[in-house]
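Structure file upload35.txt; described as compact mmCIF, C-alpha atoms.
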# COMPACT_ATOMS: atom_id res chain seq x y z
CA MET A 127 31.88 -0.40 -23.04
CA LYS A 128 32.05 -0.62 -26.80
CA VAL A 129 29.04 0.40 -28.82
CA LEU A 130 28.09 -1.79 -31.74
CA PRO A 131 27.12 0.53 -34.60
CA ILE A 132 23.37 0.93 -34.94
CA LEU A 133 22.72 1.96 -38.49
CA SER A 134 19.70 3.36 -40.25
CA PRO A 135 17.65 1.21 -40.34
CA LEU A 136 18.81 -0.79 -37.34
CA PRO A 137 20.45 -4.01 -38.56
CA ARG A 138 20.01 -7.56 -37.38
CA LEU A 139 23.11 -8.43 -35.38
CA PRO A 140 24.15 -11.78 -33.92
CA ARG A 141 24.21 -12.34 -30.19
CA LEU A 142 27.77 -11.81 -29.06
CA PRO A 143 29.57 -13.79 -26.35
CA GLY A 144 29.94 -11.86 -23.12
CA PRO A 145 31.32 -12.31 -19.60
CA ARG A 146 29.94 -14.92 -17.24
CA LEU A 147 26.49 -13.92 -16.04
CA SER A 148 27.51 -13.80 -12.37
CA THR A 149 30.37 -11.40 -13.09
CA ALA A 150 28.22 -9.29 -15.38
CA LEU A 151 25.39 -9.18 -12.84
CA LEU A 152 27.75 -8.06 -10.10
CA GLY A 153 29.11 -5.28 -12.28
CA ALA A 154 25.64 -4.21 -13.31
CA THR A 155 24.48 -4.17 -9.69
CA MET A 156 27.39 -1.97 -8.66
CA LEU A 157 26.61 0.39 -11.55
CA GLU A 158 22.95 0.48 -10.50
CA LEU A 159 23.98 1.61 -7.01
CA VAL A 160 26.18 4.35 -8.46
CA VAL A 161 23.38 5.52 -10.75
CA LEU A 162 20.86 5.43 -7.90
CA THR A 163 23.13 7.57 -5.70
CA GLY A 164 23.59 10.14 -8.43
CA HIS A 165 19.91 10.17 -9.27
CA LEU A 166 18.88 10.71 -5.65
CA ALA A 167 21.14 13.77 -5.58
CA ALA A 168 19.58 15.14 -8.79
CA TYR A 169 15.99 14.17 -7.96
CA PRO A 170 14.99 17.40 -6.12
CA PHE A 171 15.94 19.49 -9.16
CA GLY A 172 13.37 17.69 -11.31
CA LEU A 173 10.35 17.94 -9.03
CA THR A 174 8.86 20.95 -10.79
CA GLN A 175 7.71 21.10 -14.39
CA GLU A 176 10.31 22.54 -16.72
CA ARG A 177 9.95 26.09 -17.97
CA VAL A 178 8.33 26.37 -21.38
CA PRO A 179 10.76 27.98 -23.83
CA GLN A 180 9.60 30.64 -26.24
CA GLU A 181 9.75 28.99 -29.65
CA ARG A 182 9.85 30.87 -32.91
CA ARG A 183 6.91 30.13 -35.16
CA THR A 184 5.50 31.86 -38.20
CA PRO A 185 2.58 34.03 -37.01
CA GLY A 186 -0.79 32.94 -38.29
CA ARG A 187 0.50 29.57 -39.49
CA PRO A 188 -1.76 26.93 -37.91
CA VAL A 189 -0.62 23.45 -36.98
CA PRO A 190 -2.76 20.82 -38.75
CA SER A 191 -4.69 18.52 -36.42
CA ARG A 192 -3.11 15.54 -38.16
CA PRO A 193 0.08 15.48 -40.21
CA THR A 194 -0.22 15.34 -43.98
CA GLY A 195 2.35 14.42 -46.58
CA PRO A 196 5.67 12.68 -45.94
CA PRO A 197 7.35 12.91 -42.54
CA THR A 198 9.76 15.80 -42.02
CA LEU A 199 13.42 14.87 -42.40
CA PRO A 200 15.46 14.78 -39.19
CA GLY A 201 18.51 16.95 -39.12
CA SER A 202 16.82 19.88 -40.89
CA PRO A 203 17.08 23.01 -38.68
CA ALA A 204 13.82 24.35 -40.13
CA ALA A 205 11.80 21.19 -39.55
CA GLU A 206 13.30 19.31 -36.62
CA ARG A 207 10.97 17.15 -34.61
CA PRO A 208 10.77 17.82 -30.88
CA VAL A 209 11.78 15.00 -28.53
CA VAL A 210 9.52 14.37 -25.53
CA LEU A 211 11.12 12.60 -22.54
CA LEU A 212 8.85 10.64 -20.20
CA HIS A 213 10.12 9.26 -16.88
CA GLY A 214 9.19 6.08 -15.02
CA PHE A 215 7.26 5.29 -11.84
CA ILE A 216 7.95 7.51 -8.78
CA ASP A 217 10.53 9.43 -10.76
CA ASN A 218 10.79 12.80 -12.50
CA ARG A 219 12.45 14.52 -15.42
CA SER A 220 15.86 14.62 -13.68
CA VAL A 221 16.47 11.03 -14.83
CA PHE A 222 17.03 12.37 -18.36
CA VAL A 223 19.67 15.00 -17.56
CA LEU A 224 22.49 13.12 -19.31
CA LEU A 225 20.41 11.83 -22.23
CA ARG A 226 18.97 15.28 -22.80
CA ARG A 227 22.46 16.78 -22.83
CA ALA A 228 23.64 14.16 -25.32
CA LEU A 229 20.74 14.83 -27.68
CA ALA A 230 21.26 18.60 -27.43
CA ARG A 231 24.95 18.23 -28.27
CA HIS A 232 23.96 16.50 -31.50
CA GLY A 233 21.63 19.21 -32.71
CA ARG A 234 18.25 18.48 -31.12
CA ARG A 235 16.89 21.96 -30.45
CA HIS A 236 13.43 21.08 -29.14
CA LEU A 237 13.63 18.88 -26.03
CA ALA A 238 10.75 18.65 -23.58
CA SER A 239 10.20 16.66 -20.39
CA LEU A 240 6.86 15.87 -18.80
CA ASN A 241 6.37 15.20 -15.10
CA TYR A 242 3.24 13.25 -14.23
CA SER A 243 2.08 12.90 -10.65
CA PRO A 244 2.96 9.70 -8.74
CA LEU A 245 -0.56 10.01 -7.33
CA THR A 246 -2.06 9.31 -10.76
CA ARG A 247 -4.11 6.15 -10.32
CA ASP A 248 -4.68 5.17 -13.95
CA LEU A 249 -2.11 4.86 -16.71
CA ARG A 250 -4.79 5.92 -19.19
CA THR A 251 -5.11 9.27 -17.43
CA ALA A 252 -1.35 9.80 -17.73
CA ALA A 253 -1.58 8.91 -21.43
CA GLU A 254 -4.28 11.54 -21.94
CA LEU A 255 -2.07 14.10 -20.18
CA LEU A 256 0.78 13.13 -22.51
CA GLY A 257 -1.51 13.67 -25.51
CA ARG A 258 -2.35 17.21 -24.37
CA HIS A 259 1.34 17.87 -23.75
CA VAL A 260 2.25 16.71 -27.27
CA GLU A 261 -0.44 18.91 -28.83
CA GLU A 262 0.89 21.91 -26.90
CA ILE A 263 4.44 21.21 -28.08
CA CYS A 264 3.33 20.88 -31.70
CA ALA A 265 1.41 24.16 -31.47
CA ARG A 266 4.37 25.92 -29.84
CA THR A 267 7.04 24.67 -32.24
CA GLY A 268 5.01 24.55 -35.45
CA GLN A 269 5.94 20.89 -35.98
CA ARG A 270 3.53 18.16 -37.09
CA GLU A 271 5.19 15.26 -35.29
CA VAL A 272 7.33 14.49 -32.25
CA ASP A 273 9.58 11.67 -31.11
CA ILE A 274 9.16 10.22 -27.61
CA VAL A 275 11.69 8.51 -25.34
CA GLY A 276 10.12 6.77 -22.35
CA HIS A 277 11.85 5.00 -19.47
CA SER A 278 10.07 2.08 -17.79
CA LEU A 279 6.46 3.08 -17.03
CA GLY A 280 6.96 6.20 -19.17
CA GLY A 281 7.37 4.01 -22.23
CA LEU A 282 4.16 2.14 -21.43
CA ILE A 283 2.24 5.41 -21.03
CA ALA A 284 3.57 6.59 -24.38
CA ARG A 285 2.68 3.29 -26.04
CA TYR A 286 -0.90 3.51 -24.76
CA TYR A 287 -1.15 7.06 -26.11
CA VAL A 288 0.18 5.96 -29.50
CA GLN A 289 -1.70 2.68 -29.82
CA ARG A 290 -5.02 3.37 -28.11
CA LEU A 291 -5.55 7.15 -28.18
CA GLY A 292 -4.58 7.94 -31.77
CA GLY A 293 -1.16 9.31 -30.86
CA ASP A 294 0.42 7.56 -33.85
CA HIS A 295 -0.64 10.59 -35.92
CA ARG A 296 1.70 12.73 -33.81
CA VAL A 297 4.54 10.38 -32.83
CA ARG A 298 7.00 9.34 -35.54
CA THR A 299 9.29 7.23 -33.35
CA LEU A 300 8.72 5.90 -29.84
CA VAL A 301 11.86 4.72 -28.04
CA THR A 302 11.31 2.75 -24.83
CA LEU A 303 13.96 1.91 -22.24
CA GLY A 304 13.22 -1.05 -19.98
CA THR A 305 9.46 -0.83 -20.48
CA PRO A 306 7.20 -3.75 -19.41
CA HIS A 307 5.39 -4.11 -22.73
CA GLY A 308 4.24 -7.61 -21.81
CA GLY A 309 3.80 -6.91 -18.09
CA THR A 310 6.35 -7.64 -15.38
CA ALA A 311 6.17 -10.13 -12.53
CA VAL A 312 8.39 -7.91 -10.37
CA ALA A 313 6.64 -4.69 -9.43
CA PRO A 314 7.29 -3.29 -5.93
CA GLY A 315 4.09 -2.28 -4.17
CA ALA A 316 1.96 -4.11 -6.72
CA GLY A 317 -0.82 -4.56 -4.19
CA LEU A 318 -0.83 -0.89 -3.19
CA HIS A 319 -0.61 1.35 -6.25
CA PRO A 320 -3.17 0.94 -9.06
CA ILE A 321 -0.73 1.95 -11.81
CA VAL A 322 1.80 -0.63 -10.65
CA ARG A 323 -0.92 -3.27 -10.78
CA GLN A 324 -1.56 -2.21 -14.35
CA MET A 325 2.05 -3.08 -15.17
CA ARG A 326 1.60 -6.68 -14.08
CA GLY A 327 1.44 -9.39 -16.71
CA GLY A 328 -2.14 -10.25 -17.62
CA SER A 329 -3.61 -6.99 -16.30
CA PRO A 330 -6.57 -5.55 -18.27
CA LEU A 331 -4.35 -2.73 -19.54
CA ILE A 332 -1.61 -5.09 -20.79
CA GLU A 333 -4.27 -7.19 -22.47
CA GLU A 334 -5.70 -4.05 -24.06
CA LEU A 335 -2.31 -3.37 -25.65
CA ARG A 336 -2.44 -6.84 -27.21
CA LEU A 337 -5.54 -5.88 -29.20
CA PRO A 338 -5.20 -5.31 -32.95
CA ALA A 339 -3.68 -1.97 -33.98
CA PRO A 340 -4.02 -1.92 -37.78
CA GLY A 341 -2.45 1.02 -39.55
CA CYS A 342 -0.43 2.25 -36.55
CA ARG A 343 2.02 4.76 -38.02
CA THR A 344 4.54 5.02 -35.19
CA ARG A 345 7.87 3.21 -35.36
CA PHE A 346 8.87 1.49 -32.09
CA VAL A 347 12.43 0.96 -30.87
CA SER A 348 12.59 -0.93 -27.59
CA PHE A 349 15.81 -1.24 -25.56
CA TRP A 350 15.94 -4.21 -23.20
CA SER A 351 18.70 -5.63 -21.01
CA GLU A 352 19.26 -9.22 -19.93
CA LEU A 353 20.42 -7.83 -16.56
CA ASP A 354 17.29 -5.75 -15.94
CA GLN A 355 16.05 -7.06 -12.59
CA VAL A 356 12.80 -5.07 -12.80
CA MET A 357 11.66 -6.73 -16.02
CA VAL A 358 10.66 -10.34 -15.25
CA PRO A 359 11.02 -12.08 -17.56
CA VAL A 360 13.54 -9.82 -19.33
CA GLY A 361 11.81 -10.43 -22.66
CA THR A 362 8.77 -8.53 -21.42
CA ALA A 363 10.63 -5.33 -22.32
CA CYS A 364 10.42 -6.26 -26.02
CA VAL A 365 7.60 -5.10 -28.28
CA ASP A 366 5.85 -8.17 -29.63
CA HIS A 367 2.79 -7.20 -31.67
CA PRO A 368 1.99 -8.23 -35.26
CA ASP A 369 0.61 -4.81 -36.21
CA LEU A 370 3.48 -2.68 -34.89
CA ASP A 371 6.63 -1.66 -36.75
CA ALA A 372 9.13 -2.52 -34.02
CA VAL A 373 12.84 -3.14 -33.48
CA ASN A 374 14.04 -4.60 -30.17
CA VAL A 375 17.57 -3.61 -29.17
CA ARG A 376 19.41 -5.86 -26.72
CA VAL A 377 21.66 -4.07 -24.20
CA THR A 378 24.40 -5.94 -22.36
CA GLY A 379 26.12 -5.27 -19.07
CA ILE A 380 23.76 -2.77 -17.43
CA GLY A 381 20.55 -2.84 -15.41
CA HIS A 382 17.27 -0.97 -15.28
CA LEU A 383 18.35 2.33 -13.73
CA ALA A 384 21.37 2.73 -16.00
CA LEU A 385 19.39 2.55 -19.25
CA PRO A 386 18.53 6.28 -19.46
CA VAL A 387 21.99 7.46 -18.37
CA HIS A 388 24.52 5.15 -20.03
CA PRO A 389 26.46 6.83 -22.87
CA ALA A 390 26.29 3.73 -25.11
CA VAL A 391 22.50 3.68 -24.83
CA ALA A 392 22.33 7.45 -25.40
CA ALA A 393 24.30 7.07 -28.64
CA ALA A 394 22.03 4.23 -29.77
CA VAL A 395 18.90 6.24 -28.91
CA ARG A 396 20.20 9.14 -30.96
CA GLU A 397 20.86 6.85 -33.92
CA ALA A 398 17.37 5.37 -33.61
CA LEU A 399 15.78 8.81 -33.66
CA GLU A 400 17.81 9.90 -36.66
CA SER A 401 17.31 6.73 -38.73
CA GLN A 402 15.65 7.21 -42.12
CA GLU A 403 13.27 4.26 -42.16
CA ALA A 404 10.27 4.71 -44.42
CA ARG A 405 7.00 3.81 -42.74
CA GLU A 406 4.28 4.48 -45.23
CA GLY A 407 3.41 1.67 -47.61
CA THR A 408 5.56 -0.92 -45.84
CA ALA A 409 4.49 -3.87 -43.75
CA PRO A 410 5.22 -3.82 -40.00
CA SER A 411 8.38 -5.69 -39.07
CA THR A 412 10.12 -6.83 -35.93
CA GLY A 413 13.91 -6.84 -35.88
CA THR A 414 16.67 -7.17 -33.34
CA SER A 415 19.93 -5.37 -32.69
CA SER A 416 22.49 -5.09 -29.88
CA VAL A 417 24.31 -2.53 -27.79
CA ALA A 418 27.25 -3.72 -25.70

Could you show the structure in this file as structure tokens?
Amino acid sequence: MKVLPILSPLPRLPRLPGPRLSTALLGATMLELVVLTGHLAAYPFGLTQERVPQERRTPGRPVPSRPTGPPTLPGSPAAERPVVLLHGFIDNRSVFVLLRRALARHGRRHLASLNYSPLTRDLRTAAELLGRHVEEICARTGQREVDIVGHSLGGLIARYYVQRLGGDHRVRTLVTLGTPHGGTAVAPGAGLHPIVRQMRGGSPLIEELRLPAPGCRTRFVSFWSELDQVMVPVGTACVDHPDLDAVNVRVTGIGHLALPVHPAVAAAVREALESQEAREGTAPSTGTSSVA
């Protein structure tokens, strides 16, 4: 698949003609099965939490509780933001093996994955755990901010942390992949698992995310696919909030499971994390872009 260039900042691109939906859906379904097979093989290797690397940090140099001054510039070896990877429901960090490798090849030295328990009954609890994880990473690396990439439920957990728990002071860019920002009508086991019920459209948690969020500092980049059979309607994977600085990136030809592993998406995620968009003193904006 050809990648449409995603520049810094992400441009507005026209919707391009593609193959007939039935043909595209068949291809995407076959790819989903291939991805699922590979992921099931890798799944056992991601069950445990990753080992914490020993980072170099200037002794006695404290990390401020909240960042001050302009954001650090990406690409600087001395001040590179860590990237936190957060998986989806009933999954683990193994889903990010390929994306993590792609980011590492392009110079990201601080990459961290967080496993949260599938037994967690409240998304808010997972968001609090993420907040503690981010603070630990900042303390360990000496950095003031992180970037987060969340797949599906992971993106919703990260958004709650950013929007409702003050995480916007730590997170520069939040990239979500197939995340039900507006709630999804298709959620297997919705009547059984409390967190899955929270992902339904109209749930108290989804409505909480619709509340005003003035001054939110985090930049949002949301990847959504028209062939994502888990997001119903597909537009629910877009960030639609007047107070948030958000860009929604349309992906063509792939489904939900392929989003964190497809090379075209990985390249676009990397570009989104490296983009030099100023946030302070500018009004929130919502844009669109495409990856094919």

Using all atoms listed in the file, what residues lie at most 9 Å away from (10.2, 10.1, -19.1) (file coordinates), given as an mmCIF file with C-alpha atoms, in the frame of the given file?
data_model
loop_
_atom_site.group_PDB
_atom_site.id
_atom_site.type_symbol
_atom_site.label_atom_id
_atom_site.label_comp_id
_atom_site.auth_asym_id
_atom_site.auth_seq_id
_atom_site.Cartn_x
_atom_site.Cartn_y
_atom_site.Cartn_z
ATOM 1 C CA VAL A 210 9.520 14.370 -25.530
ATOM 2 C CA LEU A 211 11.120 12.600 -22.540
ATOM 3 C CA LEU A 212 8.850 10.640 -20.200
ATOM 4 C CA HIS A 213 10.120 9.260 -16.880
ATOM 5 C CA GLY A 214 9.190 6.080 -15.020
ATOM 6 C CA ASP A 217 10.530 9.430 -10.760
ATOM 7 C CA ASN A 218 10.790 12.800 -12.500
ATOM 8 C CA ARG A 219 12.450 14.520 -15.420
ATOM 9 C CA VAL A 221 16.470 11.030 -14.830
ATOM 10 C CA PHE A 222 17.030 12.370 -18.360
ATOM 11 C CA SER A 239 10.200 16.660 -20.390
ATOM 12 C CA LEU A 240 6.860 15.870 -18.800
ATOM 13 C CA ASN A 241 6.370 15.200 -15.100
ATOM 14 C CA ILE A 274 9.160 10.220 -27.610
ATOM 15 C CA VAL A 275 11.690 8.510 -25.340
ATOM 16 C CA GLY A 276 10.120 6.770 -22.350
ATOM 17 C CA HIS A 277 11.850 5.000 -19.470
ATOM 18 C CA SER A 278 10.070 2.080 -17.790
ATOM 19 C CA LEU A 279 6.460 3.080 -17.030
ATOM 20 C CA GLY A 280 6.960 6.200 -19.170
ATOM 21 C CA GLY A 281 7.370 4.010 -22.230
#

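Residue nearest Arg298 in chain A within the list A:Val209, A:Ala252, A:Ala339, A:Val387: A:Val209 [criterion: smallest interatomic distance, all atoms listed in the file].
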
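Across the model, the gap from CA of Glu254 in chain A to CA of Ala238 in chain A is 16.7 Å.
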
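The coordinates place CA of Ile283 in chain A at 17.0 Å from CA of Arg343 in chain A.
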
Could you build a table of the residues in range 286-377 of chain A lying no more than 10 Å from range 150-164 of chain A, giving for each the nearest pair of atoms and their separation in Å rounded to one decimal place, using only C-alpha atoms, ordered by chain and ascending residue number, as CSV?
residue,atom,partner,partner_atom,distance
A:Glu352,CA,A:Leu151,CA,9.4
A:Leu353,CA,A:Leu151,CA,6.4
A:Asp354,CA,A:Ala154,CA,8.9
A:Gln355,CA,A:Thr155,CA,9.4

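When CA of Cys264 in chain A is paired with CA of Arg290 in chain A, their separation reads 19.7 Å.
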
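Distance check against Gly379 in chain A using only C-alpha atoms: of A:Leu291, A:Ser351, A:Leu300, A:Glu397, the minimum falls on A:Ser351.
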
Min atom-atom distance to Gln324 in chain A from the set A:Arg250, A:Leu229, A:Val347, A:Ala398, counting only C-alpha atoms, belongs to A:Arg250

Could you put an axis-aligned box around every listed atom of range 326-337 of chain A, padded by 6 Å on each side, and send me its centre and edge lengths in Å to one decimal, as JSON?
{"center_x": -2.5, "center_y": -6.5, "center_z": -21.6, "size_x": 20.2, "size_y": 19.5, "size_z": 27.1}

Using all atoms listed in the file, the residue out of A:Leu237, A:Leu337, A:Val358, A:Ala167 with shortest distance to Val312 in chain A is A:Val358

Missing atoms of range 318-346 of chain A rebuilt to N, CA and C atoms, written as a short mmCIF file (atom, residue, chain, number, x, y, z; two decimals), keeping the file's coordinate frame:
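The new file part.cif reads:
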data_model
loop_
_atom_site.label_atom_id
_atom_site.label_comp_id
_atom_site.auth_asym_id
_atom_site.auth_seq_id
_atom_site.Cartn_x
_atom_site.Cartn_y
_atom_site.Cartn_z
N LEU A 318 -0.49 -2.17 -3.78
CA LEU A 318 -0.83 -0.89 -3.19
C LEU A 318 -1.19 0.17 -4.22
N HIS A 319 -0.41 0.27 -5.29
CA HIS A 319 -0.61 1.35 -6.25
C HIS A 319 -1.30 0.82 -7.50
N PRO A 320 -2.43 1.44 -7.89
CA PRO A 320 -3.17 0.94 -9.06
C PRO A 320 -2.35 0.91 -10.34
N ILE A 321 -1.52 1.93 -10.57
CA ILE A 321 -0.73 1.95 -11.81
C ILE A 321 0.27 0.81 -11.84
N VAL A 322 0.85 0.49 -10.68
CA VAL A 322 1.80 -0.63 -10.65
C VAL A 322 1.07 -1.93 -10.94
N ARG A 323 -0.14 -2.07 -10.46
CA ARG A 323 -0.92 -3.27 -10.78
C ARG A 323 -1.19 -3.36 -12.27
N GLN A 324 -1.33 -2.21 -12.92
CA GLN A 324 -1.56 -2.21 -14.35
C GLN A 324 -0.34 -2.68 -15.13
N MET A 325 0.83 -2.63 -14.50
CA MET A 325 2.05 -3.08 -15.17
C MET A 325 2.30 -4.57 -15.01
N ARG A 326 1.44 -5.25 -14.27
CA ARG A 326 1.60 -6.68 -14.08
C ARG A 326 1.17 -7.45 -15.33
N GLY A 327 1.83 -8.56 -15.59
CA GLY A 327 1.44 -9.39 -16.71
C GLY A 327 0.01 -9.88 -16.57
N GLY A 328 -0.75 -9.80 -17.65
CA GLY A 328 -2.14 -10.25 -17.62
C GLY A 328 -3.13 -9.23 -17.12
N SER A 329 -2.68 -8.02 -16.76
CA SER A 329 -3.61 -6.99 -16.30
C SER A 329 -4.51 -6.57 -17.46
N PRO A 330 -5.69 -6.01 -17.19
CA PRO A 330 -6.57 -5.55 -18.27
C PRO A 330 -5.88 -4.57 -19.21
N LEU A 331 -5.01 -3.71 -18.69
CA LEU A 331 -4.35 -2.73 -19.54
C LEU A 331 -3.34 -3.42 -20.47
N ILE A 332 -2.56 -4.36 -19.94
CA ILE A 332 -1.61 -5.09 -20.79
C ILE A 332 -2.35 -5.86 -21.86
N GLU A 333 -3.48 -6.46 -21.50
CA GLU A 333 -4.27 -7.19 -22.47
C GLU A 333 -4.86 -6.25 -23.52
N GLU A 334 -5.19 -5.03 -23.11
CA GLU A 334 -5.70 -4.05 -24.06
C GLU A 334 -4.65 -3.71 -25.12
N LEU A 335 -3.38 -3.67 -24.71
CA LEU A 335 -2.31 -3.37 -25.65
C LEU A 335 -2.03 -4.53 -26.60
N ARG A 336 -2.58 -5.70 -26.29
CA ARG A 336 -2.44 -6.84 -27.21
C ARG A 336 -3.49 -6.83 -28.31
N LEU A 337 -4.49 -5.95 -28.20
CA LEU A 337 -5.54 -5.88 -29.20
C LEU A 337 -4.99 -5.42 -30.54
N PRO A 338 -5.68 -5.73 -31.63
CA PRO A 338 -5.20 -5.31 -32.95
C PRO A 338 -5.00 -3.80 -33.03
N ALA A 339 -3.97 -3.40 -33.78
CA ALA A 339 -3.68 -1.97 -33.98
C ALA A 339 -3.35 -1.74 -35.45
N PRO A 340 -4.30 -2.04 -36.34
CA PRO A 340 -4.02 -1.92 -37.78
C PRO A 340 -3.73 -0.49 -38.18
N GLY A 341 -2.74 -0.31 -39.03
CA GLY A 341 -2.45 1.02 -39.55
C GLY A 341 -1.69 1.92 -38.61
N CYS A 342 -1.19 1.40 -37.49
CA CYS A 342 -0.43 2.25 -36.55
C CYS A 342 0.80 2.80 -37.26
N ARG A 343 0.97 4.10 -37.24
CA ARG A 343 2.02 4.76 -38.02
C ARG A 343 3.34 4.88 -37.28
N THR A 344 3.34 4.78 -35.99
CA THR A 344 4.54 5.02 -35.19
C THR A 344 5.53 3.87 -35.33
N ARG A 345 6.80 4.20 -35.37
CA ARG A 345 7.87 3.21 -35.36
C ARG A 345 8.35 3.05 -33.92
N PHE A 346 8.47 1.79 -33.46
CA PHE A 346 8.87 1.49 -32.09
C PHE A 346 10.31 0.98 -32.07
#
